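Trainee: Below you will find the structure I want to go over with you.
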Amino acid sequence: MTTAELEWAATNTTTQETNVTTMKALVYHGPGKRAWESKPRPGIQEPGDAIVRITTSTICGTDLHILKGDLASVTEGRILGHEGIGVIEQVGTGVSEFHVGDKVIISCVTACLKCDFCRRNMYSHCRHGGWILGNTLDGTQAEYVRIPQADGSIYSFPAGGDEEALVMLSDILPTGFECGVLNGQVKPGDTIAIVGAGPVGLAVLLTAQFYSPAAIFMIDLDEKRLAVAKQFGATTLVNSADGHAAHHVMELTEGAGVDVAVEAVGIPATFDICQAIVAAGGRIANVGVHGKPVELHMEKLWDRNISITTRLVDTVTTPMLLKVVR
């Protein structure tokens with residue numbers, strides 16, 4: 001949701017609804033059901049909380065999985081969204097790194113920085129947070145949001161930064177980098193394939209280039225997305241609309257397959273493509289959110305010396321990525 005959209009929503013809200021205790025928010029009401037409606041404004045509940053007035057938010061592929069009913073943890077009445085830029089309106093007594101008036105980037109993952117998982121850089125499994133925004137806690141597709149464990153869960157917004165660009169640091173860019181590139185162990189000279197040219201797939205494409213792969217195949221059924229992927233650095237485009245993407249990749253690699261296959265959609269068909277194109281000794285890095293079972297073709301993979309990784313983004317690379325995009 002852009003700044004302009006939030007401003008439109010504010011100016012089209014009745015006087016009765018724009019009092020100091022309510023706000024507008026996008027609310028989940030079960031599979032396929034959502035509404036832009038009035039909800040109570042959040043307040044400070046714990047010393048580590050911050051209340052942020054949202055100026056820019058966006059939609060994640062995970063939100064689409066939620067709307068399809070793929071995530072049972074998201075219950076009816078939940079405010080959606082886990083990405084955003086905003087200005088701090090209130091802070092709890094335990095917040096030491098941020099102050100009222102600070103402009104911040106909201107991390108999709110809440111981190112206490114103290115528990116055993118956080119000390120292992122697994123913020124996504126924080127015992128006092130993790131991925132809770134828009135999941136088990138009201139999220140960022142609203143005028144205001146409560147951010148628990150604020151010192152570990154928001155980042156200072158750089159002066160002069162572009163909100164609609166930097167909101168990608170909330171989730172999409174670190175997700176592509178950590179779950180796709182780092183888990184896939186992309187190395188100089190590798191041939192990699194990214195299945196899915198949506199925002200996260202494009203984030204994998206951008207950050208994979210940190211490691212100078214020899215070739216990057218982008219696989220998708222949408223020509224417009226593939227065209228963007230070409231602009232972002234993909235060396236070979238494969239349109240999967242004909243159902244033969246794996247065959248095309250194997251032909252283009254002379255039967256060898258790819259060193260790294262990144263699944264960036266979250267459906268069985270795209271995971272199947274990854275299994276079919278990974279080379280001996282290669283890696284499959286799953287990024288997509290899966291709401292249905294996938295079939296693991298162990299009868300074909302058992303002797304291929306491959307690795308399969310899964311991960312929920314930990315956002316441990318966000319400070320580094322923030323330096324890169326400044």
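Residues in the structure tokens are named by chain (A, B, ... in the order shown) and by number from 1 within that chain; ligands are numbered from 1 in the order shown.
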Could you give me, as CSV, every range 74-143 of chain A residue with an atom at most 12 Å from range 27-45 of chain A, plus its closest atom pair and distance in Å to one decimal, counting only C-alpha atoms, rows ordered by chain then number?
Mentor:
residue,atom,partner,partner_atom,distance
A:Val74,CA,A:Tyr28,CA,8.3
A:Thr75,CA,A:Gly30,CA,7.3
A:Glu76,CA,A:His29,CA,4.5
A:Gly77,CA,A:Tyr28,CA,5.5
A:Arg78,CA,A:Tyr28,CA,5.4
A:Ile79,CA,A:Val27,CA,4.5
A:Leu80,CA,A:Val27,CA,6.0
A:Gly81,CA,A:Val27,CA,9.5
A:Ile88,CA,A:Ile44,CA,11.9
A:Glu89,CA,A:Gly43,CA,10.0
A:Gln90,CA,A:Ile44,CA,7.5
A:Val91,CA,A:Ile44,CA,7.2
A:Gly92,CA,A:Ile44,CA,6.3
A:Thr93,CA,A:Ile44,CA,9.6
A:Gly94,CA,A:Ile44,CA,11.0
A:Val95,CA,A:Ile44,CA,11.3
A:Gly134,CA,A:Tyr28,CA,9.4
A:Asn135,CA,A:Tyr28,CA,10.3
A:Thr136,CA,A:Tyr28,CA,11.9
A:Leu137,CA,A:Pro42,CA,11.0
A:Asp138,CA,A:Pro42,CA,9.0
A:Gly139,CA,A:Val27,CA,9.4
A:Thr140,CA,A:Val27,CA,10.7
A:Gln141,CA,A:Val27,CA,8.5
A:Ala142,CA,A:Trp36,CA,8.9
A:Glu143,CA,A:Arg41,CA,8.3
Trainee: For range 268-276 of chain A, find every residue with an atom within 7 Å (counting only C-alpha atoms), except residues of its own chain fewer than 6 positions away, and show them as a VMD selection string.
Mentor: chain A and resid 195 246 261 to 262 284 294
Trainee: Let me see the file: selected residues, N, CA and C atoms, as a short mmCIF file (atom, residue, chain, number, x, y, z; two decimals), in the first residue's frame.
Mentor:
data_model
loop_
_atom_site.label_atom_id
_atom_site.label_comp_id
_atom_site.auth_asym_id
_atom_site.auth_seq_id
_atom_site.Cartn_x
_atom_site.Cartn_y
_atom_site.Cartn_z
N VAL A 195 13.10 -20.38 -10.25
CA VAL A 195 11.76 -20.74 -10.73
C VAL A 195 10.76 -19.80 -10.06
N ALA A 246 11.48 -27.76 -17.58
CA ALA A 246 12.61 -28.60 -17.20
C ALA A 246 13.33 -29.13 -18.43
N ALA A 261 19.15 -24.64 -7.94
CA ALA A 261 17.77 -24.44 -8.39
C ALA A 261 17.00 -23.81 -7.23
N VAL A 262 16.47 -22.61 -7.45
CA VAL A 262 15.78 -21.88 -6.40
C VAL A 262 14.28 -21.89 -6.68
N ILE A 284 19.10 -27.53 -4.10
CA ILE A 284 17.76 -26.96 -4.27
C ILE A 284 17.48 -26.10 -3.05
N VAL A 294 4.24 -31.56 -1.43
CA VAL A 294 4.97 -31.79 -2.68
C VAL A 294 5.51 -33.21 -2.65
#
Trainee: Would you mind telling me which residue in A:Leu71, A:Ile51, A:Leu166, A:Val104 lies nearest to Lys323 in chain A when using only C-alpha atoms?
Mentor: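 The shortest atom-to-atom distance to Lys323 in chain A comes from A:Leu166.
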Trainee: Enumerate the residues of range 83-324 of chain A with a DSSP assignment of strand (DSSP E), computed from the backbone, and present them as a PyMOL selection string.
Mentor: chain A and resi 84-91+103-106+144-147+154-156+191-195+215-220+236-239+258-263+278-286+307-309
Trainee: Could you pull the residues within 12 Å of range 224-236 of chain A, counting only C-alpha atoms, minus those fewer than 5 positions along the same chain, as a CSV table (one decimal) with N, CA and C atoms, in the first residue's frame?
Mentor:
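out-v2.csv, written as the output of this step:
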chain,number,residue,atom,x,y,z
A,191,THR,N,26.0,-22.2,-12.3
A,191,THR,CA,24.9,-22.0,-13.2
A,191,THR,C,23.7,-22.2,-12.2
A,192,ILE,N,22.8,-21.1,-12.2
A,192,ILE,CA,21.7,-21.2,-11.3
A,192,ILE,C,20.4,-21.0,-12.1
A,193,ALA,N,19.3,-21.5,-11.5
A,193,ALA,CA,18.0,-21.3,-12.1
A,193,ALA,C,17.0,-20.9,-11.0
A,194,ILE,N,16.2,-19.9,-11.3
A,194,ILE,CA,15.3,-19.3,-10.4
A,194,ILE,C,13.9,-19.6,-11.0
A,195,VAL,N,13.1,-20.4,-10.2
A,195,VAL,CA,11.8,-20.7,-10.7
A,195,VAL,C,10.8,-19.8,-10.1
A,196,GLY,N,10.3,-18.8,-10.8
A,196,GLY,CA,9.4,-17.8,-10.3
A,196,GLY,C,10.0,-16.5,-10.4
A,197,ALA,N,9.5,-15.6,-11.3
A,197,ALA,CA,10.0,-14.3,-11.5
A,197,ALA,C,9.2,-13.2,-10.8
A,198,GLY,N,8.6,-13.5,-9.7
A,198,GLY,CA,7.9,-12.5,-8.9
A,198,GLY,C,8.9,-11.7,-8.1
A,199,PRO,N,8.4,-10.9,-7.2
A,199,PRO,CA,9.3,-10.0,-6.4
A,199,PRO,C,10.4,-10.7,-5.7
A,200,VAL,N,10.1,-11.9,-5.0
A,200,VAL,CA,11.2,-12.6,-4.3
A,200,VAL,C,12.1,-13.3,-5.3
A,201,GLY,N,11.6,-13.8,-6.4
A,201,GLY,CA,12.5,-14.4,-7.4
A,201,GLY,C,13.4,-13.4,-8.0
A,202,LEU,N,12.9,-12.1,-8.2
A,202,LEU,CA,13.8,-11.1,-8.7
A,202,LEU,C,14.8,-10.7,-7.6
A,203,ALA,N,14.4,-10.7,-6.3
A,203,ALA,CA,15.4,-10.4,-5.3
A,203,ALA,C,16.5,-11.5,-5.3
A,204,VAL,N,16.2,-12.7,-5.5
A,204,VAL,CA,17.2,-13.8,-5.6
A,204,VAL,C,18.1,-13.4,-6.8
A,205,LEU,N,17.5,-13.1,-7.9
A,205,LEU,CA,18.3,-12.7,-9.1
A,205,LEU,C,19.3,-11.6,-8.8
A,206,LEU,N,18.8,-10.5,-8.2
A,206,LEU,CA,19.7,-9.4,-7.9
A,206,LEU,C,20.8,-9.8,-7.0
A,207,THR,N,20.5,-10.4,-5.9
A,207,THR,CA,21.5,-10.7,-4.9
A,207,THR,C,22.4,-11.9,-5.2
A,208,ALA,N,22.0,-12.8,-6.1
A,208,ALA,CA,22.9,-13.8,-6.6
A,208,ALA,C,24.1,-13.3,-7.3
A,209,GLN,N,23.9,-12.1,-7.9
A,209,GLN,CA,25.0,-11.5,-8.7
A,209,GLN,C,26.1,-11.0,-7.8
A,210,PHE,N,25.9,-10.9,-6.5
A,210,PHE,CA,27.0,-10.6,-5.6
A,210,PHE,C,28.1,-11.6,-5.7
A,212,SER,N,28.8,-13.6,-8.6
A,212,SER,CA,29.3,-13.8,-10.0
A,212,SER,C,29.0,-15.2,-10.5
A,213,PRO,N,27.8,-15.6,-10.5
A,213,PRO,CA,27.5,-16.9,-11.2
A,213,PRO,C,27.7,-16.8,-12.7
A,214,ALA,N,28.0,-17.9,-13.3
A,214,ALA,CA,28.3,-17.9,-14.8
A,214,ALA,C,27.0,-17.7,-15.6
A,215,ALA,N,25.9,-18.2,-15.1
A,215,ALA,CA,24.7,-18.1,-15.9
A,215,ALA,C,23.5,-18.1,-14.9
A,216,ILE,N,22.5,-17.3,-15.2
A,216,ILE,CA,21.2,-17.3,-14.4
A,216,ILE,C,20.0,-17.5,-15.3
A,217,PHE,N,19.4,-18.7,-15.1
A,217,PHE,CA,18.1,-18.9,-15.8
A,217,PHE,C,17.0,-18.4,-15.0
A,218,MET,N,16.1,-17.7,-15.6
A,218,MET,CA,14.8,-17.3,-15.0
A,218,MET,C,13.7,-18.0,-15.7
A,219,ILE,N,12.9,-18.7,-14.8
A,219,ILE,CA,11.8,-19.5,-15.4
A,219,ILE,C,10.4,-18.9,-14.8
A,241,ALA,N,5.1,-21.7,-19.7
A,241,ALA,CA,3.7,-21.9,-20.0
A,241,ALA,C,3.4,-23.1,-20.7
A,248,HIS,N,13.5,-27.8,-21.4
A,248,HIS,CA,14.2,-26.7,-22.0
A,248,HIS,C,15.5,-26.4,-21.3
A,249,VAL,N,15.5,-26.4,-20.0
A,249,VAL,CA,16.7,-26.1,-19.2
A,249,VAL,C,17.7,-27.2,-19.4
A,252,LEU,N,19.3,-26.7,-22.7
A,252,LEU,CA,20.3,-25.6,-22.7
A,252,LEU,C,21.5,-25.8,-22.0
A,253,THR,N,21.5,-26.7,-21.0
A,253,THR,CA,22.7,-27.1,-20.2
A,253,THR,C,23.3,-28.4,-20.7
Trainee: Separation of CA of Glu163 in chain A and CA of Val325 in chain A, in Å?
Mentor: 12.2 Å
Trainee: Residues of range 27-189 of chain A in alpha helix (DSSP H) according to DSSP, as a list in words?
Mentor: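 In range 27-189 of chain A, DSSP puts these residues in alpha helix (DSSP H): Gly61, Thr62, Asp63, Leu64, His65, Ile66, Leu67, Asp116, Phe117, Cys118, Arg119, Glu163, Glu164, Ala165, Leu166, Ile172, Leu173, Pro174 and Thr175 of chain A.
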Trainee: Output C-alpha atoms for every residue in the selection just made, as a short mmCIF file (atom, residue, chain, number, x, y, z; two decimals), in the first residue's frame.
Mentor:
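Result file follows (selection04.cif):
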data_model
loop_
_atom_site.label_atom_id
_atom_site.label_comp_id
_atom_site.auth_asym_id
_atom_site.auth_seq_id
_atom_site.Cartn_x
_atom_site.Cartn_y
_atom_site.Cartn_z
CA GLY A 61 3.36 -13.48 -1.84
CA THR A 62 2.81 -14.89 1.65
CA ASP A 63 -0.24 -12.62 1.97
CA LEU A 64 -1.65 -14.27 -1.16
CA HIS A 65 -1.08 -17.70 0.39
CA ILE A 66 -2.91 -16.48 3.50
CA LEU A 67 -5.83 -15.28 1.40
CA ASP A 116 18.74 -19.00 22.24
CA PHE A 117 17.43 -18.81 18.68
CA CYS A 118 18.29 -15.13 18.29
CA ARG A 119 21.81 -15.82 19.59
CA GLU A 163 10.12 4.58 0.64
CA GLU A 164 8.74 2.41 -2.14
CA ALA A 165 12.22 1.04 -2.84
CA LEU A 166 13.37 0.60 0.75
CA ILE A 172 11.48 -9.37 0.00
CA LEU A 173 15.17 -8.57 -0.45
CA PRO A 174 16.49 -10.41 2.63
CA THR A 175 14.18 -13.35 1.88
#
Trainee: When you count only C-alpha atoms, which of these residues is closest to Arg311 in chain A: A:Tyr123, A:Tyr144, A:Phe98, A:Phe157?
Mentor: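 Between A:Tyr123, A:Tyr144, A:Phe98, A:Phe157, the residue approaching Arg311 in chain A most closely is A:Tyr123.
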Trainee: Choose the residue, out of A:Asp162, A:Gly130, A:His247, A:Cys108, that has the smallest atom-to-atom separation from Arg326 in chain A; count only C-alpha atoms.
Mentor: A:Asp162
Trainee: How many Å lie between CA of Gly152 in chain A and CA of Cys112 in chain A, rounded to one decimal?
Mentor: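 Taking CA of Gly152 in chain A and CA of Cys112 in chain A, their separation equals 5.8 Å.
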Trainee: What is the CA of Val287 in chain A to CA of Ile106 in chain A distance in Å?
Mentor: 20.7 Å
